[in-house]
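Below: upload.cif (mmCIF, C-alpha atoms)
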data_data
#
loop_
_atom_site.group_PDB
_atom_site.id
_atom_site.type_symbol
_atom_site.label_atom_id
_atom_site.label_comp_id
_atom_site.auth_asym_id
_atom_site.auth_seq_id
_atom_site.Cartn_x
_atom_site.Cartn_y
_atom_site.Cartn_z
ATOM 1 C CA ALA A 633 174.032 69.361 49.476
ATOM 2 C CA TYR A 634 171.689 72.372 49.326
ATOM 3 C CA ALA A 635 169.992 70.942 46.228
ATOM 4 C CA ASP A 636 168.964 67.934 48.336
ATOM 5 C CA THR A 637 167.388 69.850 51.213
ATOM 6 C CA ARG A 638 163.809 69.320 52.381
ATOM 7 C CA VAL A 639 162.148 72.516 53.617
ATOM 8 C CA THR A 640 159.267 72.472 56.091
ATOM 9 C CA ILE A 641 157.142 75.595 56.549
ATOM 10 C CA HIS A 642 155.089 75.644 59.743
ATOM 11 C CA LEU A 643 151.778 77.464 59.316
ATOM 12 C CA PRO A 644 149.098 77.723 62.016
ATOM 13 C CA GLU A 645 146.811 75.356 60.091
ATOM 14 C CA GLY A 646 149.588 72.832 59.505
ATOM 15 C CA SER A 647 152.962 72.303 57.935
ATOM 16 C CA ILE A 648 153.970 72.242 54.295
ATOM 17 C CA VAL A 649 156.854 69.904 53.479
ATOM 18 C CA VAL A 650 158.655 70.778 50.238
ATOM 19 C CA THR A 651 160.924 68.019 48.948
ATOM 20 C CA PRO A 652 163.126 68.405 45.878
ATOM 21 C CA THR A 653 162.695 65.485 43.526
ATOM 22 C CA ASP A 654 163.485 64.740 39.932
ATOM 23 C CA GLY A 655 159.906 63.748 39.142
ATOM 24 C CA GLY A 656 158.021 66.190 41.352
ATOM 25 C CA ASP A 657 154.515 67.270 40.508
ATOM 26 C CA GLY A 658 153.767 69.337 43.598
ATOM 27 C CA THR A 659 152.615 72.918 43.690
ATOM 28 C CA LEU A 660 152.497 75.618 46.324
ATOM 29 C CA ASP A 661 149.803 78.274 46.493
ATOM 30 C CA GLU A 662 152.381 80.878 47.488
ATOM 31 C CA THR A 663 156.055 81.548 46.939
ATOM 32 C CA TRP A 664 158.323 81.526 49.999
ATOM 33 C CA HIS A 665 161.893 82.631 50.625
ATOM 34 C CA VAL A 666 163.434 80.451 53.328
ATOM 35 C CA ILE A 667 166.390 81.889 55.237
ATOM 36 C CA THR A 668 168.383 80.626 58.194
ATOM 37 C CA ALA A 669 170.897 82.315 60.463
ATOM 38 C CA HIS A 670 172.228 78.996 61.780
ATOM 39 C CA ASN A 671 175.764 77.746 61.175
ATOM 40 C CA PRO A 672 177.198 80.554 58.992
ATOM 41 C CA GLU A 673 179.487 79.413 56.161
ATOM 42 C CA SER A 674 178.449 75.828 57.111
ATOM 43 C CA VAL A 675 180.409 75.961 60.366
ATOM 44 C CA GLN A 676 178.417 74.381 63.199
ATOM 45 C CA LEU A 677 177.796 76.700 66.134
ATOM 46 C CA SER A 678 176.397 75.957 69.581
ATOM 47 C CA ASP A 679 172.634 75.659 69.975
ATOM 48 C CA GLU A 680 172.672 78.850 72.064
ATOM 49 C CA GLU A 681 174.550 80.862 69.426
ATOM 50 C CA ASN A 682 172.317 79.538 66.639
ATOM 51 C CA GLN A 683 169.224 80.509 68.651
ATOM 52 C CA ARG A 684 170.593 84.012 69.271
ATOM 53 C CA ARG A 685 171.299 84.448 65.557
ATOM 54 C CA HIS A 686 167.860 83.074 64.624
ATOM 55 C CA ASP A 687 166.136 85.520 66.974
ATOM 56 C CA GLU A 688 168.153 88.390 65.483
ATOM 57 C CA LEU A 689 167.097 87.393 61.945
ATOM 58 C CA ALA A 690 163.427 87.111 62.911
ATOM 59 C CA GLU A 691 163.550 90.463 64.716
ATOM 60 C CA ALA A 692 165.135 92.152 61.671
ATOM 61 C CA LEU A 693 162.360 90.841 59.421
ATOM 62 C CA ILE A 694 159.603 91.813 61.852
ATOM 63 C CA ALA A 695 161.120 95.306 62.243
ATOM 64 C CA ALA A 696 160.962 95.607 58.436
ATOM 65 C CA GLY A 697 157.235 94.808 58.553
ATOM 66 C CA ARG A 698 157.526 91.236 57.285
ATOM 67 C CA VAL A 699 155.426 88.341 58.483
ATOM 68 C CA VAL A 700 157.779 85.612 59.691
ATOM 69 C CA VAL A 701 156.706 81.974 59.637
ATOM 70 C CA PRO A 702 158.769 79.251 61.337
ATOM 71 C CA ALA A 703 160.520 76.879 58.958
ATOM 72 C CA ALA A 704 163.314 74.323 58.926
ATOM 73 C CA GLY A 705 165.644 72.854 56.359
ATOM 74 C CA GLN A 706 167.286 69.446 56.485
ATOM 75 C CA GLY A 707 169.297 67.471 53.983
ATOM 76 C CA LEU A 708 167.597 64.407 52.610
ATOM 77 C CA ASP A 709 170.549 62.298 53.726
ATOM 78 C CA GLY A 710 170.099 63.389 57.379
ATOM 79 C CA ARG A 711 173.839 63.954 57.906
ATOM 80 C CA TRP A 712 173.433 67.600 58.936
ATOM 81 C CA PRO A 713 171.025 68.593 61.713
ATOM 82 C CA ALA A 714 167.824 70.393 60.746
ATOM 83 C CA GLU A 715 168.338 74.141 60.796
ATOM 84 C CA GLU A 716 165.672 76.387 62.239
ATOM 85 C CA SER A 717 164.774 78.939 59.591
ATOM 86 C CA VAL A 718 162.165 81.520 58.691
ATOM 87 C CA ALA A 719 159.868 81.522 55.682
ATOM 88 C CA VAL A 720 158.837 84.894 54.291
ATOM 89 C CA ARG A 721 156.273 85.821 51.634
ATOM 90 C CA GLY A 722 156.275 89.068 49.725
ATOM 91 C CA ILE A 723 159.993 89.815 49.975
ATOM 92 C CA ASP A 724 161.986 90.192 46.795
ATOM 93 C CA THR A 725 164.830 87.816 46.118
ATOM 94 C CA ALA A 726 167.514 90.520 46.280
ATOM 95 C CA ALA A 727 166.433 91.485 49.814
ATOM 96 C CA ALA A 728 166.255 87.841 50.896
ATOM 97 C CA VAL A 729 169.746 87.175 49.495
ATOM 98 C CA GLU A 730 171.086 90.261 51.280
ATOM 99 C CA LEU A 731 169.688 88.995 54.596
ATOM 100 C CA GLY A 732 171.279 85.617 53.978
ATOM 101 C CA ARG A 733 174.574 87.336 53.236
ATOM 102 C CA GLN A 734 174.323 89.477 56.400
ATOM 103 C CA PHE A 735 173.915 86.306 58.437
ATOM 104 C CA GLY A 736 176.863 84.558 56.800
ATOM 105 C CA GLN A 737 174.850 82.099 54.741
ATOM 106 C CA LEU A 738 176.098 80.422 51.590
ATOM 107 C CA ALA A 739 172.593 80.186 50.117
ATOM 108 C CA ILE A 740 168.875 80.680 50.675
ATOM 109 C CA PHE A 741 165.877 78.830 49.247
ATOM 110 C CA LEU A 742 163.028 80.043 47.085
ATOM 111 C CA ALA A 743 160.134 77.581 47.154
ATOM 112 C CA GLY A 744 157.209 77.785 44.769
ATOM 113 C CA PRO A 745 155.076 77.477 42.876
ATOM 114 C CA ASP A 746 156.348 74.158 41.457
ATOM 115 C CA ARG A 747 160.134 74.258 42.017
ATOM 116 C CA ILE A 748 162.656 74.889 44.759
ATOM 117 C CA PHE A 749 165.639 77.084 43.965
ATOM 118 C CA VAL A 750 168.953 77.352 45.773
ATOM 119 C CA ILE A 751 170.181 80.934 45.452
ATOM 120 C CA ASP A 752 173.812 81.763 46.217
ATOM 121 C CA CYS A 753 174.193 84.562 48.770
ATOM 122 C CA HIS A 754 177.510 85.764 47.326
ATOM 123 C CA ASP A 755 176.363 86.552 43.790
ATOM 124 C CA ALA A 756 172.573 85.879 43.848
ATOM 125 C CA ALA A 757 172.971 83.216 41.144
ATOM 126 C CA VAL A 758 170.591 80.268 41.027
ATOM 127 C CA ARG A 759 172.737 77.225 41.856
ATOM 128 C CA SER A 760 169.983 74.644 41.662
ATOM 129 C CA SER A 761 166.395 74.413 40.479
ATOM 130 C CA ARG A 762 164.394 71.234 41.022
ATOM 131 C CA PRO A 763 160.781 70.139 40.801
ATOM 132 C CA ILE A 764 159.085 69.575 44.143
ATOM 133 C CA ALA A 765 156.862 67.112 45.907
ATOM 134 C CA VAL A 766 154.578 68.835 48.422
ATOM 135 C CA THR A 767 153.094 67.211 51.512
ATOM 136 C CA ARG A 768 150.558 69.082 53.627
ATOM 137 C CA LEU A 769 150.198 68.089 57.267
ATOM 138 C CA HIS A 770 147.274 69.331 59.329
ATOM 139 C CA SER A 771 148.193 70.857 62.695
ATOM 140 C CA ASP A 772 147.234 67.671 64.557
ATOM 141 C CA GLU A 773 149.597 65.567 62.376
ATOM 142 C CA HIS A 774 152.920 67.207 63.277
#
Represent the structure contained in this file as structure tokens.
Amino acid sequence: AYADTRVTIHLPEGSIVVTPTDGGDGTLDETWHVITAHNPESVQLSDEENQRRHDELAEALIAAGRVVVPAAGQGLDGRWPAEESVAVRGIDTAAAVELGRQFGQLAIFLAGPDRIFVIDCHDAAVRSSRPIAVTRLHSDEH
């Protein structure tokens, strides 16, 4: 299911929608790690608990001097609700995986420049790598 997840990164100037696709030809200017604290081990929690966990993740990144950008991930089939996430530039994959692990996640995403990767939080192995289609929405379009 993770291999079929659309990731949206919300920047001040607009959103970037990264969609895995078999024939993708999209590119990103920057590489982003996308991490959520929602629904650890794929067990759905209450909205309140997910928000508390999300705030804790964002605060941990900010305390470490990282710039946190709002993001969300949602399966292409729409069966699982979109999960509020954070997108982070300039963090190495090992640190991003460790954060995912600390927050009980099965995997994190690495998006860019022309692929999206699903990285397992238990052993840091790449579980999926797919080309991407990229849609850019200006701030007045979303």
Would you write out, as a list in words, every residue that the PyMOL selection byres ((chain A and resi 727-741) around 7) captures in this file?
-> His665, Val666, Ile667, Ala669, Pro672, Glu673, Ile723, Asp724, Thr725, Ala726, Leu742, Ala743, Ile748, Phe749, Val750, Ile751, Asp752, Cys753, His754 and Ala756 of chain A
Evaluate the PyMOL selection byres ((chain A and resi 709-718) around 12) here and jot the selected residues down as a PyMOL selection string.
-> chain A and resi 633-643+664-672+674-677+679+682-694+698-708+719-721+728+731-732+735+737+740-742
Tell me, in Å to one decimal, how far atom CA of His770 of chain A is from atom CA of Pro652 of chain A.
-> 20.8 Å
What do you get, as a list in words, if you spell out every residue that the PyMOL selection byres ((chain A and resi 767) around 7) selects here?
-> Ile648, Val649, Val650, Ala765, Val766, Arg768 and Leu769 of chain A
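Between atom CA of Glu662 of chain A and atom CA of Arg762 of chain A there is a distance of 16.7 Å.
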Rounded to one decimal place, report the atom CA of Thr659 of chain A-atom CA of Ile764 of chain A distance in Å.
->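 Distance between the two atoms: 7.3 Å.
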Specify the axis-aligned box that encloses all atoms of segment 651-663 of chain A listed in the file after padding of 5 Å on each side, stating its centre and edge lengths in Å to one decimal as AutoDock Vina command-line options.
--center_x 156.6 --center_y 72.6 --center_z 44.0 --size_x 23.7 --size_y 27.8 --size_z 19.8
